$ cat structure39.txt   # compact mmCIF, C-alpha atoms and all ligand atoms
# COMPACT_ATOMS: atom_id res chain seq x y z
CA MET A 937 0.00 0.00 0.00
CA PHE A 938 2.76 2.41 0.96
CA GLU A 939 4.70 1.60 -2.20
CA ASN A 940 1.73 2.09 -4.45
CA GLU A 941 0.72 5.31 -2.82
CA ALA A 942 4.23 6.66 -2.88
CA LEU A 943 4.69 5.85 -6.55
CA TRP A 944 1.35 7.22 -7.39
CA ASP A 945 2.02 10.50 -5.59
CA LEU A 946 5.36 10.83 -7.26
CA GLY A 947 4.11 9.77 -10.65
CA THR A 948 1.12 12.04 -11.05
CA PRO A 949 2.19 15.29 -12.71
CA ILE A 950 1.13 18.52 -11.02
CA GLY A 951 -2.15 19.77 -12.37
CA LYS A 952 -3.39 16.38 -13.54
CA SER A 953 -5.77 14.18 -11.62
CA ASP A 954 -4.99 10.52 -11.10
CA GLU A 955 -7.82 9.58 -13.43
CA GLU A 956 -6.53 11.85 -16.20
CA TYR A 957 -3.03 10.51 -15.89
CA GLY A 958 -4.10 6.86 -15.75
CA ARG A 959 -3.62 4.73 -12.68
CA ALA A 960 -2.23 1.71 -14.46
CA ARG A 961 0.92 3.24 -15.93
CA CYS A 962 4.34 1.81 -15.07
CA PRO A 963 6.69 3.89 -12.92
CA THR A 964 9.22 5.80 -14.99
CA LYS A 965 12.95 6.05 -14.18
CA GLY A 966 12.19 9.53 -12.83
CA ASP A 967 9.55 8.08 -10.50
CA ILE A 968 12.02 5.54 -9.16
CA LYS A 969 14.73 8.16 -8.62
CA ARG A 970 12.29 10.40 -6.76
CA LEU A 971 11.14 7.44 -4.68
CA ARG A 972 14.75 6.57 -3.85
CA ASP A 973 15.41 10.19 -2.82
CA MET A 974 12.32 10.17 -0.68
CA VAL A 975 13.29 6.91 1.08
CA GLY A 976 16.84 8.24 1.50
CA ALA A 977 15.49 11.39 3.11
CA MET A 978 13.39 9.30 5.48
CA VAL A 979 16.46 7.56 6.88
CA SER A 980 18.97 10.38 6.48
CA PRO A 981 20.72 11.70 9.61
CA GLU A 982 18.93 15.06 9.30
CA ARG A 983 15.61 13.32 9.46
CA VAL A 984 16.74 11.09 12.29
CA VAL A 985 17.73 14.06 14.44
CA ASN A 986 14.62 16.03 13.55
CA GLY A 987 10.98 15.53 14.40
CA ASN A 988 9.40 12.24 15.33
CA GLU A 989 12.41 10.04 14.69
CA LYS A 990 14.41 12.01 17.24
CA ARG A 991 11.63 11.66 19.80
CA ARG A 992 11.45 7.92 19.12
CA ARG A 993 15.21 7.50 19.52
CA ASP A 994 15.23 9.52 22.74
CA MET A 995 12.54 7.23 24.08
CA GLU A 996 14.63 4.17 23.26
CA PHE A 997 17.63 5.64 25.02
CA ASN A 998 15.51 6.46 28.05
CA ASP A 999 14.07 2.93 28.01
CA VAL A 1000 17.56 1.41 28.13
CA LEU A 1001 18.60 3.77 30.95
CA ARG A 1002 15.51 2.93 32.97
CA LYS A 1003 15.52 -0.77 32.20
CA ARG A 1004 19.12 -1.42 33.25
CA ARG A 1005 19.12 -3.22 36.57
CA THR A 1006 21.64 -5.43 38.24
CA ILE A 1007 20.85 -9.05 37.41
CA ARG A 1008 22.07 -11.86 39.66
CA PHE A 1009 20.43 -15.01 38.28
CA TYR A 1010 21.24 -16.17 34.76
CA GLU A 1011 20.16 -18.80 32.27
CA ARG A 1012 22.45 -21.72 31.53
CA LYS A 1013 23.06 -20.39 28.06
CA ASP A 1014 26.37 -19.19 26.68
CA VAL A 1015 26.91 -15.54 25.91
CA ASP A 1016 28.04 -15.42 22.31
CA LYS A 1017 31.34 -13.84 21.44
CA ALA A 1018 29.72 -11.23 19.16
CA SER A 1019 27.66 -9.88 22.07
CA LEU A 1020 30.69 -9.74 24.37
CA GLN A 1021 32.55 -7.94 21.61
CA LYS A 1022 29.77 -5.32 21.54
CA LEU A 1023 30.18 -4.74 25.27
CA LEU A 1024 33.91 -4.23 24.84
CA GLU A 1025 33.26 -1.87 21.96
CA ALA A 1026 31.00 0.17 24.28
CA ALA A 1027 33.69 0.11 26.97
CA ARG A 1028 36.46 1.36 24.74
CA LEU A 1029 34.34 4.38 23.74
CA ALA A 1030 33.82 5.46 27.35
CA PRO A 1031 35.40 8.65 28.66
CA CYS A 1032 38.63 8.28 30.62
CA GLY A 1033 40.99 10.66 32.38
CA GLY A 1034 43.28 12.44 29.91
CA ASN A 1035 42.20 9.85 27.32
CA MET A 1036 45.07 7.76 28.68
CA GLN A 1037 43.16 4.47 28.25
CA ARG A 1038 44.59 2.73 31.26
CA LEU A 1039 42.11 -0.13 31.38
CA ARG A 1040 42.68 -3.62 30.00
CA TYR A 1041 40.05 -6.35 29.82
CA ILE A 1042 40.15 -10.09 30.30
CA VAL A 1043 37.10 -11.90 28.98
CA VAL A 1044 36.48 -15.21 30.71
CA SER A 1045 33.87 -17.18 28.76
CA GLU A 1046 35.45 -19.93 26.68
CA ASP A 1047 37.23 -21.91 29.37
CA ARG A 1048 34.32 -23.10 31.54
CA GLU A 1049 36.63 -24.24 34.35
CA LYS A 1050 38.12 -20.75 34.56
CA VAL A 1051 34.65 -19.20 34.58
CA LYS A 1052 33.77 -21.47 37.50
CA SER A 1053 36.98 -20.60 39.35
CA VAL A 1054 36.37 -16.87 38.93
CA PHE A 1055 32.74 -17.30 39.97
CA GLU A 1056 33.91 -18.93 43.20
CA GLN A 1057 35.75 -15.72 44.10
CA THR A 1058 32.64 -13.51 43.92
CA ALA A 1059 30.08 -12.31 46.50
CA TRP A 1060 26.48 -11.47 45.60
CA GLY A 1061 23.60 -9.29 46.78
CA ALA A 1062 24.59 -8.67 50.42
CA PHE A 1063 21.15 -7.28 51.38
CA VAL A 1064 19.19 -10.21 49.95
CA LYS A 1065 21.51 -13.05 50.86
CA PRO A 1066 21.13 -15.92 50.03
CA ARG A 1067 18.07 -15.35 47.87
CA ARG A 1068 20.09 -13.69 45.11
CA SER A 1069 23.26 -15.75 45.47
CA PRO A 1070 23.63 -17.67 42.21
CA LYS A 1071 24.78 -21.29 42.29
CA TRP A 1072 27.22 -22.85 39.88
CA GLY A 1073 25.46 -25.29 37.52
CA GLU A 1074 22.07 -23.66 38.21
CA ASN A 1075 21.93 -19.94 37.62
CA ALA A 1076 25.50 -18.63 37.69
CA PRO A 1077 26.79 -16.26 34.99
CA LEU A 1078 28.71 -17.95 32.19
CA ALA A 1079 30.89 -14.96 31.32
CA PHE A 1080 32.98 -12.48 33.26
CA ILE A 1081 34.86 -9.42 32.09
CA LEU A 1082 37.70 -8.42 34.38
CA LEU A 1083 38.80 -4.79 34.26
CA THR A 1084 42.45 -4.36 35.11
CA CYS A 1085 45.04 -1.61 35.06
CA SER A 1086 48.69 -1.16 35.80
CA LYS A 1087 49.70 -0.89 39.47
CA GLU A 1088 50.93 2.66 38.85
CA ASN A 1089 47.46 3.95 38.01
CA GLY A 1090 45.72 5.36 41.03
CA THR A 1091 42.14 6.32 41.72
CA VAL A 1092 41.55 7.73 38.24
CA ALA A 1093 41.54 4.14 36.93
CA HIS A 1094 38.53 3.46 39.17
CA ALA A 1095 36.73 6.42 37.65
CA ASP A 1096 37.65 5.17 34.16
CA ALA A 1097 36.37 1.72 35.12
CA GLY A 1098 33.08 3.22 36.32
CA ALA A 1099 32.45 4.82 32.95
CA ALA A 1100 33.49 1.68 31.08
CA VAL A 1101 31.35 -0.64 33.20
CA GLN A 1102 28.32 1.61 32.81
CA ASN A 1103 28.74 1.72 29.03
CA MET A 1104 28.95 -2.08 29.01
CA GLN A 1105 25.89 -2.42 31.21
CA LEU A 1106 23.83 -0.17 28.95
CA ALA A 1107 25.01 -2.04 25.84
CA ALA A 1108 24.15 -5.33 27.57
CA THR A 1109 20.66 -4.08 28.48
CA ASP A 1110 20.14 -3.07 24.87
CA LEU A 1111 21.05 -6.63 23.80
CA GLY A 1112 18.75 -8.24 26.37
CA LEU A 1113 21.70 -9.40 28.47
CA GLY A 1114 21.99 -8.96 32.23
CA CYS A 1115 25.04 -7.88 34.21
CA CYS A 1116 26.30 -7.56 37.73
CA TRP A 1117 29.12 -5.17 38.54
CA ILE A 1118 31.18 -6.96 41.16
CA GLY A 1119 33.49 -5.17 43.53
CA SER A 1120 33.39 -7.87 46.21
CA PHE A 1121 35.70 -10.58 44.99
CA ASN A 1122 39.00 -12.08 45.99
CA HIS A 1123 41.43 -9.93 44.01
CA ASP A 1124 44.56 -11.98 44.65
CA LYS A 1125 42.97 -15.31 43.82
CA THR A 1126 41.36 -13.88 40.68
CA ALA A 1127 44.69 -12.43 39.57
CA GLU A 1128 46.25 -15.85 40.11
CA ILE A 1129 43.50 -17.75 38.25
CA LEU A 1130 43.70 -15.41 35.28
CA GLU A 1131 47.50 -15.28 35.36
CA LEU A 1132 47.63 -11.52 35.57
CA SER A 1133 51.12 -10.16 35.07
CA GLU A 1134 52.92 -8.78 38.14
CA ASP A 1135 52.47 -5.14 37.15
CA MET A 1136 48.68 -5.39 36.71
CA VAL A 1137 45.91 -5.24 39.33
CA PRO A 1138 42.27 -6.34 39.10
CA LEU A 1139 39.76 -3.51 39.54
CA TYR A 1140 36.27 -4.93 38.99
CA LEU A 1141 34.49 -7.89 37.49
CA LEU A 1142 31.43 -7.63 35.32
CA ALA A 1143 29.32 -10.79 35.33
CA VAL A 1144 27.36 -11.20 32.09
CA GLY A 1145 24.56 -13.59 31.17
CA TRP A 1146 20.98 -13.99 30.01
CA PRO A 1147 18.63 -12.85 32.81
CA ALA A 1148 16.76 -15.59 34.70
CA GLU A 1149 14.95 -13.70 37.44
CA ARG A 1150 11.80 -11.62 37.47
CA TYR A 1151 13.19 -8.43 36.06
CA PRO A 1152 14.05 -6.10 38.99
CA VAL A 1153 12.25 -2.78 39.28
CA SER A 1154 13.37 0.56 40.60
CA GLU A 1155 11.12 2.73 42.69
CA ASP A 1156 11.34 6.32 43.85
CA ALA A 1157 12.57 7.01 47.38
CA VAL A 1158 13.03 10.26 49.27
CA GLU A 1159 15.56 11.30 51.89
CA GLY A 1160 14.99 9.28 55.05
CA ASP A 1161 13.52 6.22 53.26
CA SER A 1162 15.47 2.97 53.30
CA VAL A 1163 17.47 2.61 50.10
CA LYS A 1164 18.34 -1.03 50.69
CA TYR A 1165 17.28 -3.18 47.78
CA TYR A 1166 14.80 -5.89 48.81
CA LEU A 1167 12.79 -8.83 47.55
CA ASP A 1168 8.98 -8.72 47.59
CA ASP A 1169 6.60 -11.64 48.27
CA GLU A 1170 6.87 -12.66 44.63
CA ASN A 1171 10.67 -12.86 44.81
CA ARG A 1172 11.10 -9.75 42.69
CA LEU A 1173 13.94 -7.38 43.47
CA HIS A 1174 13.09 -3.74 44.18
CA VAL A 1175 15.78 -1.09 43.99
CA PRO A 1176 14.82 2.22 45.63
CA LYS A 1177 16.39 5.25 43.94
CA LEU A 1178 16.31 8.70 45.52
CA THR A 1179 14.47 11.30 43.49
CA VAL A 1180 16.29 14.20 41.85
CA ASP A 1181 14.74 16.56 44.41
CA SER A 1182 16.16 14.50 47.28
CA LEU A 1183 19.62 14.39 45.76
CA THR A 1184 20.09 17.82 44.33
CA LYS A 1185 20.59 21.37 45.44
CA TRP A 1186 20.21 24.01 42.74
CA ILE A 1187 22.12 27.25 43.16
C1 LIG B 1 31.27 -0.30 42.68
C2 LIG B 1 30.17 -1.33 42.70
C3 LIG B 1 30.43 -2.57 43.26
C4 LIG B 1 29.42 -3.54 43.29
N1 LIG B 1 29.71 -4.78 43.78
C5 LIG B 1 28.74 -5.72 43.84
C6 LIG B 1 29.06 -7.03 44.31
O1 LIG B 1 30.19 -7.33 44.67
N2 LIG B 1 28.07 -7.96 44.35
C7 LIG B 1 26.78 -7.66 43.94
O2 LIG B 1 25.92 -8.53 44.00
N3 LIG B 1 26.45 -6.41 43.45
C8 LIG B 1 27.41 -5.45 43.39
N4 LIG B 1 27.13 -4.22 42.87
C9 LIG B 1 25.77 -3.95 42.34
C10 LIG B 1 24.97 -3.04 43.27
O3 LIG B 1 24.53 -3.76 44.38
C11 LIG B 1 23.79 -2.46 42.48
O4 LIG B 1 24.28 -1.63 41.47
C12 LIG B 1 22.85 -1.67 43.39
O5 LIG B 1 22.19 -2.53 44.27
C13 LIG B 1 21.82 -0.87 42.61
O6 LIG B 1 21.07 -1.72 41.77
P1 LIG B 1 20.95 -1.41 40.22
O7 LIG B 1 22.30 -1.69 39.61
O8 LIG B 1 19.91 -2.36 39.73
O9 LIG B 1 20.59 0.03 40.05
C14 LIG B 1 28.12 -3.25 42.79
C15 LIG B 1 27.89 -1.99 42.22
C16 LIG B 1 28.90 -1.05 42.17
C17 LIG B 1 28.62 0.28 41.51
$ encode --input "structure39.txt" --output "structure tokens" --more "lines below"
Ligand SMILES: Cc1cc2nc3c(=O)[nH]c(=O)nc-3n(C[C@H](O)[C@H](O)[C@H](O)COP(=O)(O)O)c2cc1C
Amino acid sequence: MFENEALWDLGTPIGKSDEEYGRARCPTKGDIKRLRDMVGAMVSPERVVNGNEKRRRDMEFNDVLRKRRTIRFYERKDVDKASLQKLLEAARLAPCGGNMQRLRYIVVSEDREKVKSVFEQTAWGAFVKPRRSPKWGENAPLAFILLTCSKENGTVAHADAGAAVQNMQLAATDLGLGCCWIGSFNHDKTAEILELSEDMVPLYLLAVGWPAERYPVSEDAVEGDSVKYYLDDENRLHVPKLTVDSLTKWI
């Protein structure tokens, strides 16, 4: 229907009615060129950043931002290399102090024994223990990304890691994957398992997998409310987030 209408609109010369011009004619080369131009304009960057397309894209971005939640139970299904590659691509584009690019990544997904060994070094969901503590062979993540940096890099590497992890989490959410940013893990053991060189230190782990829990929800909280995440009667995680008004002073 769209095609016919578009061709018809393009093909009917100004000043002539459809009937006069004859509905059954074949599209001319000129018609096809005009149609191509029109389709091109519909997907051109100018159109994407103007009008409805821009509003639609903003909505999608907002959806990803709002949907991202820490996931702690995963399906027993491998995370494909292409998806992990997309997370790393998102990480490398993240801002970092002085653009010095201090972070290095170790992806642990192919060697299942190593994944298990790394998993054994991790601690999960302190406020909802043990109801969000994954078990190996049941609902544990099947991929980890370790963020590392050289021993010489100080606190700025942690800030860099924050931006990189967040980019990866948003990219993962967009792909339907779930993640857990893990700061509580045995650093020395993990360094040993992954044979980190002497001059490198582990910063954070990002667990990655296909979500296998009722998707957690965030809810608004105000100053004074408990901000501890909790499980409801239906075993769904709730994550209170303080409102902008509670967090912000405008001067
Ligand atoms: C620096 C940092 C370290 C974290 N370490 C852990 C961890 O070791 N284990 C865990 O289960 N969650 C960990 N988390 C996830 C937080 O618990 C989670 O982000 C928080 O509860 C808010 O939930 P949300 O990510 O769904 O917004 C960590 C998050 C951050 C930012």
$ closest_residue --input "structure39.txt" --among "A:Pro1070, A:Lys1003, A:Asn1089, A:Lys1022" --to "Met1036 of chain A" --atoms "only C-alpha atoms"
A:Asn1089
$ residues_near_ligand --input "structure39.txt" --ligand "ligand LIG 1 (chain B)" --cutoff "9 Å" --atoms "all atoms listed in the file" --output "JSON, numbers by chain"
{"A": [1003, 1004, 1005, 1006, 1007, 1008, 1058, 1059, 1060, 1061, 1062, 1063, 1068, 1069, 1094, 1098, 1101, 1102, 1115, 1116, 1117, 1118, 1119, 1120, 1121, 1140, 1141, 1152, 1153, 1154, 1164, 1165, 1173, 1174, 1175, 1176, 1177]}
$ atom_distance --input "structure39.txt" --atom1 "atom CA of Val1180 of chain A" --atom2 "atom CA of Phe997 of chain A"
18.9 Å
$ atom_distance --input "structure39.txt" --atom1 "atom CA of Leu1001 of chain A" --atom2 "atom CA of Leu1020 of chain A"
19.3 Å
$ closest_residue --input "structure39.txt" --among "A:Lys1087, A:Arg1048, A:Arg1150, A:Arg1038" --to "Asp1014 of chain A" --atoms "only C-alpha atoms"
A:Arg1048
$ closest_residue --input "structure39.txt" --among "A:Ser1086, A:Val1092, A:Val1000, A:Glu1134" --to "Gly1034 of chain A" --atoms "all atoms listed in the file"
A:Val1092
$ axis_aligned_box --input "structure39.txt" --around "segment 1126-1132 of chain A" --padding-each-side "6 Å" --output "lines of an AutoDock Vina configuration file"
center_x = 44.5
center_y = -14.6
center_z = 38.0
size_x = 18.3
size_y = 18.2
size_z = 17.4
$ residues_near_point --input "structure39.txt" --point "(39.2, -1.8, 29.8)" --cutoff "12 Å" --atoms "only C-alpha atoms" --output "ChimeraX atom specification"
/A:1023-1032,1036-1043,1081-1086,1093-1104,1138-1142
$ closest_residue --input "structure39.txt" --among "A:Ala1143, A:Leu1106, A:Leu1130, A:Ala1148" --to "Arg1012 of chain A" --atoms "all atoms listed in the file"
A:Ala1148
$ atom_distance --input "structure39.txt" --atom1 "atom CA of Glu1155 of chain A" --atom2 "atom CA of Pro1066 of chain A"
22.4 Å
$ closest_residue --input "structure39.txt" --among "A:Leu1178, A:Val1144, A:Val1051, A:Val1137" --to "Val1015 of chain A" --atoms "only C-alpha atoms"
A:Val1144
$ residues_around --input "structure39.txt" --residues "Glu1159 of chain A" --least-positions-apart "2" --cutoff "7 Å" --atoms "only C-alpha atoms" --output "ChimeraX atom specification"
/A:1157,1161,1178,1182
$ closest_residue --input "structure39.txt" --among "A:Asn1171, A:Tyr1010, A:Val1054, A:Tyr1166" --to "Asp1124 of chain A" --atoms "all atoms listed in the file"
A:Val1054
$ decode --input "structure39.txt" --residues "segment 1132-1170 of chain A" --atoms "N, CA and C atoms" --output "PDB file, in the first residue's frame"
ATOM      1  N   LEU A1132      47.346 -12.945  35.797  1.00  0.00           N
ATOM      2  CA  LEU A1132      47.627 -11.522  35.573  1.00  0.00           C
ATOM      3  C   LEU A1132      49.116 -11.258  35.755  1.00  0.00           C
ATOM      4  N   SER A1133      49.688 -10.423  34.913  1.00  0.00           N
ATOM      5  CA  SER A1133      51.115 -10.163  35.073  1.00  0.00           C
ATOM      6  C   SER A1133      51.346  -9.332  36.337  1.00  0.00           C
ATOM      7  N   GLU A1134      52.547  -9.385  36.857  1.00  0.00           N
ATOM      8  CA  GLU A1134      52.918  -8.784  38.141  1.00  0.00           C
ATOM      9  C   GLU A1134      52.574  -7.292  38.241  1.00  0.00           C
ATOM     10  N   ASP A1135      52.680  -6.590  37.122  1.00  0.00           N
ATOM     11  CA  ASP A1135      52.474  -5.141  37.154  1.00  0.00           C
ATOM     12  C   ASP A1135      51.002  -4.730  37.009  1.00  0.00           C
ATOM     13  N   MET A1136      50.097  -5.718  36.900  1.00  0.00           N
ATOM     14  CA  MET A1136      48.678  -5.385  36.714  1.00  0.00           C
ATOM     15  C   MET A1136      47.864  -5.740  37.960  1.00  0.00           C
ATOM     16  N   VAL A1137      46.804  -4.937  38.190  1.00  0.00           N
ATOM     17  CA  VAL A1137      45.909  -5.244  39.327  1.00  0.00           C
ATOM     18  C   VAL A1137      44.465  -5.358  38.828  1.00  0.00           C
ATOM     19  N   PRO A1138      43.685  -6.266  39.456  1.00  0.00           N
ATOM     20  CA  PRO A1138      42.266  -6.343  39.098  1.00  0.00           C
ATOM     21  C   PRO A1138      41.519  -5.176  39.720  1.00  0.00           C
ATOM     22  N   LEU A1139      40.576  -4.610  39.000  1.00  0.00           N
ATOM     23  CA  LEU A1139      39.760  -3.514  39.544  1.00  0.00           C
ATOM     24  C   LEU A1139      38.342  -4.002  39.857  1.00  0.00           C
ATOM     25  N   TYR A1140      37.653  -4.456  38.823  1.00  0.00           N
ATOM     26  CA  TYR A1140      36.269  -4.928  38.989  1.00  0.00           C
ATOM     27  C   TYR A1140      36.022  -6.097  38.061  1.00  0.00           C
ATOM     28  N   LEU A1141      35.001  -6.864  38.405  1.00  0.00           N
ATOM     29  CA  LEU A1141      34.494  -7.888  37.493  1.00  0.00           C
ATOM     30  C   LEU A1141      33.121  -7.447  37.018  1.00  0.00           C
ATOM     31  N   LEU A1142      32.803  -7.784  35.793  1.00  0.00           N
ATOM     32  CA  LEU A1142      31.429  -7.629  35.322  1.00  0.00           C
ATOM     33  C   LEU A1142      30.944  -9.028  34.944  1.00  0.00           C
ATOM     34  N   ALA A1143      29.933  -9.508  35.673  1.00  0.00           N
ATOM     35  CA  ALA A1143      29.320 -10.793  35.328  1.00  0.00           C
ATOM     36  C   ALA A1143      28.308 -10.531  34.222  1.00  0.00           C
ATOM     37  N   VAL A1144      28.271 -11.411  33.233  1.00  0.00           N
ATOM     38  CA  VAL A1144      27.363 -11.204  32.092  1.00  0.00           C
ATOM     39  C   VAL A1144      26.622 -12.503  31.785  1.00  0.00           C
ATOM     40  N   GLY A1145      25.329 -12.394  31.543  1.00  0.00           N
ATOM     41  CA  GLY A1145      24.556 -13.591  31.169  1.00  0.00           C
ATOM     42  C   GLY A1145      23.144 -13.212  30.767  1.00  0.00           C
ATOM     43  N   TRP A1146      22.388 -14.227  30.402  1.00  0.00           N
ATOM     44  CA  TRP A1146      20.982 -13.994  30.014  1.00  0.00           C
ATOM     45  C   TRP A1146      20.128 -14.028  31.272  1.00  0.00           C
ATOM     46  N   PRO A1147      19.368 -12.966  31.546  1.00  0.00           N
ATOM     47  CA  PRO A1147      18.626 -12.851  32.812  1.00  0.00           C
ATOM     48  C   PRO A1147      17.679 -14.028  33.067  1.00  0.00           C
ATOM     49  N   ALA A1148      17.666 -14.504  34.322  1.00  0.00           N
ATOM     50  CA  ALA A1148      16.756 -15.589  34.705  1.00  0.00           C
ATOM     51  C   ALA A1148      16.133 -15.286  36.062  1.00  0.00           C
ATOM     52  N   GLU A1149      15.707 -14.050  36.241  1.00  0.00           N
ATOM     53  CA  GLU A1149      14.954 -13.704  37.445  1.00  0.00           C
ATOM     54  C   GLU A1149      13.868 -12.730  37.015  1.00  0.00           C
ATOM     55  N   ARG A1150      12.820 -12.633  37.802  1.00  0.00           N
ATOM     56  CA  ARG A1150      11.799 -11.620  37.469  1.00  0.00           C
ATOM     57  C   ARG A1150      12.537 -10.306  37.385  1.00  0.00           C
ATOM     58  N   TYR A1151      12.336  -9.590  36.292  1.00  0.00           N
ATOM     59  CA  TYR A1151      13.191  -8.426  36.061  1.00  0.00           C
ATOM     60  C   TYR A1151      13.039  -7.418  37.213  1.00  0.00           C
ATOM     61  N   PRO A1152      14.150  -7.022  37.840  1.00  0.00           N
ATOM     62  CA  PRO A1152      14.045  -6.095  38.985  1.00  0.00           C
ATOM     63  C   PRO A1152      13.446  -4.746  38.569  1.00  0.00           C
ATOM     64  N   VAL A1153      12.833  -4.093  39.553  1.00  0.00           N
ATOM     65  CA  VAL A1153      12.246  -2.777  39.277  1.00  0.00           C
ATOM     66  C   VAL A1153      12.877  -1.733  40.189  1.00  0.00           C
ATOM     67  N   SER A1154      12.942  -0.512  39.702  1.00  0.00           N
ATOM     68  CA  SER A1154      13.374   0.559  40.597  1.00  0.00           C
ATOM     69  C   SER A1154      12.139   1.299  41.074  1.00  0.00           C
ATOM     70  N   GLU A1155      12.250   1.929  42.208  1.00  0.00           N
ATOM     71  CA  GLU A1155      11.119   2.735  42.689  1.00  0.00           C
ATOM     72  C   GLU A1155      11.672   3.992  43.348  1.00  0.00           C
ATOM     73  N   ASP A1156      10.869   5.047  43.305  1.00  0.00           N
ATOM     74  CA  ASP A1156      11.338   6.325  43.851  1.00  0.00           C
ATOM     75  C   ASP A1156      11.393   6.281  45.379  1.00  0.00           C
ATOM     76  N   ALA A1157      12.443   6.883  45.920  1.00  0.00           N
ATOM     77  CA  ALA A1157      12.568   7.013  47.382  1.00  0.00           C
ATOM     78  C   ALA A1157      12.933   8.461  47.661  1.00  0.00           C
ATOM     79  N   VAL A1158      12.636   8.908  48.874  1.00  0.00           N
ATOM     80  CA  VAL A1158      13.031  10.259  49.268  1.00  0.00           C
ATOM     81  C   VAL A1158      13.926  10.166  50.496  1.00  0.00           C
ATOM     82  N   GLU A1159      14.634  11.250  50.754  1.00  0.00           N
ATOM     83  CA  GLU A1159      15.563  11.305  51.889  1.00  0.00           C
ATOM     84  C   GLU A1159      14.896  10.757  53.147  1.00  0.00           C
ATOM     85  N   GLY A1160      15.565   9.864  53.840  1.00  0.00           N
ATOM     86  CA  GLY A1160      14.987   9.279  55.049  1.00  0.00           C
ATOM     87  C   GLY A1160      14.436   7.876  54.814  1.00  0.00           C
ATOM     88  N   ASP A1161      14.008   7.580  53.567  1.00  0.00           N
ATOM     89  CA  ASP A1161      13.521   6.218  53.256  1.00  0.00           C
ATOM     90  C   ASP A1161      14.708   5.252  53.255  1.00  0.00           C
ATOM     91  N   SER A1162      14.414   3.976  53.440  1.00  0.00           N
ATOM     92  CA  SER A1162      15.468   2.966  53.297  1.00  0.00           C
ATOM     93  C   SER A1162      15.807   2.837  51.801  1.00  0.00           C
ATOM     94  N   VAL A1163      17.087   2.797  51.504  1.00  0.00           N
ATOM     95  CA  VAL A1163      17.473   2.613  50.095  1.00  0.00           C
ATOM     96  C   VAL A1163      18.067   1.218  49.888  1.00  0.00           C
ATOM     97  N   LYS A1164      17.868   0.349  50.868  1.00  0.00           N
ATOM     98  CA  LYS A1164      18.341  -1.028  50.690  1.00  0.00           C
ATOM     99  C   LYS A1164      17.463  -1.719  49.653  1.00  0.00           C
ATOM    100  N   TYR A1165      18.091  -2.399  48.721  1.00  0.00           N
ATOM    101  CA  TYR A1165      17.282  -3.181  47.781  1.00  0.00           C
ATOM    102  C   TYR A1165      16.682  -4.360  48.538  1.00  0.00           C
ATOM    103  N   TYR A1166      15.499  -4.830  48.079  1.00  0.00           N
ATOM    104  CA  TYR A1166      14.801  -5.889  48.813  1.00  0.00           C
ATOM    105  C   TYR A1166      13.994  -6.740  47.859  1.00  0.00           C
ATOM    106  N   LEU A1167      13.622  -7.920  48.345  1.00  0.00           N
ATOM    107  CA  LEU A1167      12.789  -8.831  47.547  1.00  0.00           C
ATOM    108  C   LEU A1167      11.361  -8.784  48.053  1.00  0.00           C
ATOM    109  N   ASP A1168      10.382  -8.728  47.145  1.00  0.00           N
ATOM    110  CA  ASP A1168       8.984  -8.720  47.592  1.00  0.00           C
ATOM    111  C   ASP A1168       8.474 -10.161  47.721  1.00  0.00           C
ATOM    112  N   ASP A1169       7.179 -10.297  48.038  1.00  0.00           N
ATOM    113  CA  ASP A1169       6.601 -11.637  48.272  1.00  0.00           C
ATOM    114  C   ASP A1169       6.690 -12.520  47.034  1.00  0.00           C
ATOM    115  N   GLU A1170       6.790 -11.867  45.871  1.00  0.00           N
ATOM    116  CA  GLU A1170       6.871 -12.664  44.633  1.00  0.00           C
ATOM    117  C   GLU A1170       8.311 -12.855  44.177  1.00  0.00           C
TER     118      GLU A1170
END
